[in-house]
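Worksheet for the structure shown next.
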Amino acid sequence: MIVTYIGRVIKAGFTSFWRNGSVSFASILVMVLALFMIGSLLFSQVLLRATLDAVKGKIDISVYFKATALEGEIASLQASLAALPEVSEIEYISREDSLAIFRERHQNNALISSSLEELGENPLGAALNIRAKNPQHYENIALFLEEGNFPVIDKVNYRKNKLVIDRLTAIISGSQKVGIGITVVLGAIAMLIVFNTIRLAIFTSKTEIEIMKLVGASRRYIRSPYLVEGFLYGAVASIVTTLLFWPLTYWLSPRAVQFFGFDLYLYYIANIFQFFLLLFLSGVILGVFSSFIATRRYLKV
Amino acid sequence: MLGVFRVSFSLPFNKFLHMIYFENVSKIYNAISVALENITFSVEPKEFVSLVGQSGAGKTTLIKLLLAEEYPTEGSVFFESLDVHRLLSEELPMVRRRMGTIFQDFKLLPAKTAYENIAFAMEASGRTNEEIASDVPQILELVGLSDKADNFPHELSGGEKQRVSIARALINRPDVIIADEPTGNLDPLNAWEIVRLLGKINDLGTTVLLATHDKDVINAIGKRVVTMEKGKIIRDEKKGRYVL
Ligand SMILES: Nc1ncnc2c1ncn2[C@@H]1O[C@H](COP(=O)(O)OP(=O)(O)O)[C@@H](O)[C@H]1O
Ligand SMILES: [Mg+2]
């Protein structure tokens, strides 16, 4: 009996979904717009996060040594740095490397090249590029270098870099927060619109529901097909929206790689199932919930 | 299943004998509109009762109270000894399945075919698919609409729509048929056809309560007539005619 009941309810929901084609179409369209908004905001959050990670990955501390520093002194400092638990990697740049890098960077500047020629000897010192295991660790490493008062060190370029990096981080996480705020607000607006669309669709069913009550249908039997319809709106809309993002991310991908160094299309393909699941659940919950609330008004005995 | 024993035993015993019993019922929609005033009347099993009176007399209000679509301002309405306004929300649909209803505006579900409209009433009562598959064609045959089974209401004439609604009212073998101006939207020939059908239903043992202001209809039936005027019952005759 329960199987018959569920079968009838599902069949009634599908029939009504199909016969009220224009209403279903409008509801799905509105729901696609809402889910599309949620999806876009999700992707922009991912992009911002990727940018932030990329920036954080670029942080390091460079220690510049005086030109007079001896290799042994540098090596012993490098050894004590390597002993610090926070340090993950140290790159040694010799005086010759420094000069080569400097030359290359200024190869188009005739004045600098000629000055170097005139100088005859290498004016640059060696350097160490230090990477921490974790961005928060840089502070400790910088303190170690500063408080050690090593006479061989010319300068440590952390403080200046830190300022720039802190600002960038603040901007990105700020826009991430704003993004979350916008997501929440727009998501709420989208849901309200979907809710009202479905409510209006059911509003036209007022007399229908009254007739069903008069014929002796129970509240649950009247309501369930509407819930099935709401479910169908959400399911179809989430499939459509997920498919829409395919060409869109494909098209956007080269641009995203250029601006953010992040491949949106690959991300979409890799996460398509989770992405679909999220949209599906949002759509279905929204559809069923809207139908539930909308029918409640007419079902009060 | 129905809460027969929830009815208080302090009530007079005769309530339990009537099929329908209105006890001192008043309905006041608002201060300027007193639709029913202290109505007491009963319908017995297998009776054919015509409820007559001019438009605005209170016939529809009385029927809405019986169907528990409206609540009385005062008094109680009993259907087979159940106070219809004190039923739990799960019980009301079950009581309504025992009352077959027919209305002037047919009240068919517009998005369902003739067949589906009738089948819906059976589905709602939890009947099996086999019962539905055998009963619906039979009743369509009975009301002469076998060839219109797959038509939607907007594809049917007024008389055909009313016959679908009669078929729907009958399909669950109700204890009473309640008809509110069933001929109001029909031409005389179709109206007569509907009245004849109602008479046949009554002959087969189903109680009929028919509200109408159609003089010809009443005079043709020649059974009990309850006449209403301005919310009161002014006449109740065993073999009545329409007199105003
Ligand atoms: N929902 C309502 N609100 C206010 N007044 C109503 C309502 N329904 C009916 N009435 C009034 O109650 C009276 C009886 O109406 P009704 O029962 O429809 O009469 P009938 O069916 O005999 O024509 C009329 O005066 C009508 O205007
Ligand atoms: Mg009326």
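Just remember, in the structure tokens the first chain shown is A, the second B, etc., residues are 1-based per chain, and ligands are 1-based in the order shown.
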
Discussion item. Which residues are near ligand 2 in this structure, taking near to mean any atom at most 9 Å from a ligand atom and counting only C-alpha atoms and all ligand atoms? Format them as number ranges by chain.
Written reply: B: 54-61, 63, 104, 180-181, 211-213

Discussion item. Residues within 12 Å of Ser89 (chain B), please, as a ChimeraX atom specification. Count only C-alpha atoms; anything in the same chain fewer than 3 positions from it doesn't count.
Written reply: /A:213,216-220,299-301 /B:2,68,84-86,92-96

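Listed by chain and then by rising number, the residues of region 35-228 of chain A that DSSP assigns to strand (DSSP E) from the backbone are A:Ile61, A:Ser62, A:Val63, A:Tyr64, A:Phe65, A:Val87, A:Ser88, A:Glu89, A:Ile90, A:Glu91, A:Tyr92, A:Ile93, A:Ala127, A:Leu128, A:Asn129, A:Ile130, A:Arg131, A:Ala132, A:Ile153, A:Asp154, A:Lys155, A:Val156.
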
Take the residues that were just selected and, keeping N, CA, C and O atoms, output them as a JSON list (two decimals), in the first residue's frame.
```json
[["chain", "number", "residue", "atom", "x", "y", "z"],
["A", 61, "ILE", "N", 62.66, 35.31, 2.75],
["A", 61, "ILE", "CA", 63.54, 36.31, 3.36],
["A", 61, "ILE", "C", 64.87, 36.24, 2.62],
["A", 61, "ILE", "O", 65.42, 35.15, 2.43],
["A", 62, "SER", "N", 65.32, 37.39, 2.17],
["A", 62, "SER", "CA", 66.64, 37.42, 1.55],
["A", 62, "SER", "C", 67.62, 38.10, 2.49],
["A", 62, "SER", "O", 67.34, 39.16, 3.03],
["A", 63, "VAL", "N", 68.74, 37.42, 2.72],
["A", 63, "VAL", "CA", 69.82, 38.00, 3.55],
["A", 63, "VAL", "C", 70.96, 38.37, 2.63],
["A", 63, "VAL", "O", 71.47, 37.51, 1.90],
["A", 64, "TYR", "N", 71.32, 39.67, 2.63],
["A", 64, "TYR", "CA", 72.43, 40.11, 1.77],
["A", 64, "TYR", "C", 73.67, 40.29, 2.65],
["A", 64, "TYR", "O", 73.60, 40.96, 3.70],
["A", 65, "PHE", "N", 74.75, 39.70, 2.20],
["A", 65, "PHE", "CA", 76.00, 39.81, 2.98],
["A", 65, "PHE", "C", 76.88, 40.92, 2.44],
["A", 65, "PHE", "O", 76.75, 41.32, 1.27],
["A", 87, "VAL", "N", 62.61, 26.74, 9.39],
["A", 87, "VAL", "CA", 63.15, 26.91, 8.03],
["A", 87, "VAL", "C", 62.93, 25.65, 7.21],
["A", 87, "VAL", "O", 63.18, 24.54, 7.67],
["A", 88, "SER", "N", 62.46, 25.84, 5.98],
["A", 88, "SER", "CA", 62.26, 24.65, 5.16],
["A", 88, "SER", "C", 63.33, 24.54, 4.08],
["A", 88, "SER", "O", 63.66, 23.45, 3.66],
["A", 89, "GLU", "N", 63.87, 25.67, 3.64],
["A", 89, "GLU", "CA", 64.74, 25.63, 2.47],
["A", 89, "GLU", "C", 65.62, 26.88, 2.45],
["A", 89, "GLU", "O", 65.15, 27.97, 2.75],
["A", 90, "ILE", "N", 66.87, 26.69, 2.14],
["A", 90, "ILE", "CA", 67.78, 27.84, 2.03],
["A", 90, "ILE", "C", 68.52, 27.75, 0.71],
["A", 90, "ILE", "O", 69.06, 26.70, 0.35],
["A", 91, "GLU", "N", 68.50, 28.86, -0.01],
["A", 91, "GLU", "CA", 69.19, 28.88, -1.29],
["A", 91, "GLU", "C", 70.39, 29.82, -1.17],
["A", 91, "GLU", "O", 70.25, 30.98, -0.75],
["A", 92, "TYR", "N", 71.56, 29.33, -1.52],
["A", 92, "TYR", "CA", 72.78, 30.14, -1.42],
["A", 92, "TYR", "C", 73.07, 30.76, -2.78],
["A", 92, "TYR", "O", 73.10, 30.08, -3.81],
["A", 93, "ILE", "N", 73.26, 32.07, -2.77],
["A", 93, "ILE", "CA", 73.62, 32.77, -4.01],
["A", 93, "ILE", "C", 75.00, 33.40, -3.79],
["A", 93, "ILE", "O", 75.16, 34.32, -2.97],
["A", 127, "ALA", "N", 74.28, 36.15, -1.03],
["A", 127, "ALA", "CA", 72.96, 36.26, -0.41],
["A", 127, "ALA", "C", 72.40, 34.89, -0.10],
["A", 127, "ALA", "O", 72.83, 33.89, -0.67],
["A", 128, "LEU", "N", 71.46, 34.86, 0.87],
["A", 128, "LEU", "CA", 70.74, 33.62, 1.18],
["A", 128, "LEU", "C", 69.25, 33.90, 1.00],
["A", 128, "LEU", "O", 68.74, 34.91, 1.48],
["A", 129, "ASN", "N", 68.56, 33.02, 0.28],
["A", 129, "ASN", "CA", 67.09, 33.12, 0.20],
["A", 129, "ASN", "C", 66.50, 32.04, 1.11],
["A", 129, "ASN", "O", 66.73, 30.86, 0.90],
["A", 130, "ILE", "N", 65.74, 32.49, 2.10],
["A", 130, "ILE", "CA", 65.23, 31.54, 3.09],
["A", 130, "ILE", "C", 63.72, 31.38, 2.91],
["A", 130, "ILE", "O", 62.98, 32.37, 2.82],
["A", 131, "ARG", "N", 63.27, 30.12, 2.90],
["A", 131, "ARG", "CA", 61.83, 29.86, 2.86],
["A", 131, "ARG", "C", 61.41, 29.18, 4.16],
["A", 131, "ARG", "O", 62.10, 28.26, 4.61],
["A", 132, "ALA", "N", 60.32, 29.63, 4.69],
["A", 132, "ALA", "CA", 59.83, 29.02, 5.93],
["A", 132, "ALA", "C", 58.85, 27.91, 5.58],
["A", 132, "ALA", "O", 58.32, 27.85, 4.47],
["A", 153, "ILE", "N", 76.32, 40.54, 7.97],
["A", 153, "ILE", "CA", 75.07, 40.82, 7.23],
["A", 153, "ILE", "C", 75.01, 42.29, 6.86],
["A", 153, "ILE", "O", 75.21, 43.17, 7.70],
["A", 154, "ASP", "N", 74.74, 42.52, 5.58],
["A", 154, "ASP", "CA", 74.55, 43.90, 5.12],
["A", 154, "ASP", "C", 73.13, 44.34, 5.42],
["A", 154, "ASP", "O", 72.87, 45.31, 6.11],
["A", 155, "LYS", "N", 72.14, 43.58, 4.86],
["A", 155, "LYS", "CA", 70.74, 43.87, 5.20],
["A", 155, "LYS", "C", 69.83, 42.66, 5.00],
["A", 155, "LYS", "O", 70.17, 41.73, 4.25],
["A", 156, "VAL", "N", 68.71, 42.69, 5.70],
["A", 156, "VAL", "CA", 67.70, 41.64, 5.59],
["A", 156, "VAL", "C", 66.46, 42.30, 4.99],
["A", 156, "VAL", "O", 66.00, 43.31, 5.52]]
```

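Summary of the local environment: counting only C-alpha atoms, residues at most 10 Å from Phe79 (chain B), other than itself and those fewer than 5 positions away along its chain, are Lys15, Phe16, His18, Met19, Ile20, Tyr21, Phe22, Ser42, Val43, Leu66, Leu67, Val84, Val95, Arg96, Arg98, Met99 and Val176 of chain B.
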
Item to complete: At a cut-off of 12 Å, list the chain A residues touching chain B, using only C-alpha atoms, as a count of residues only.
Response: 40
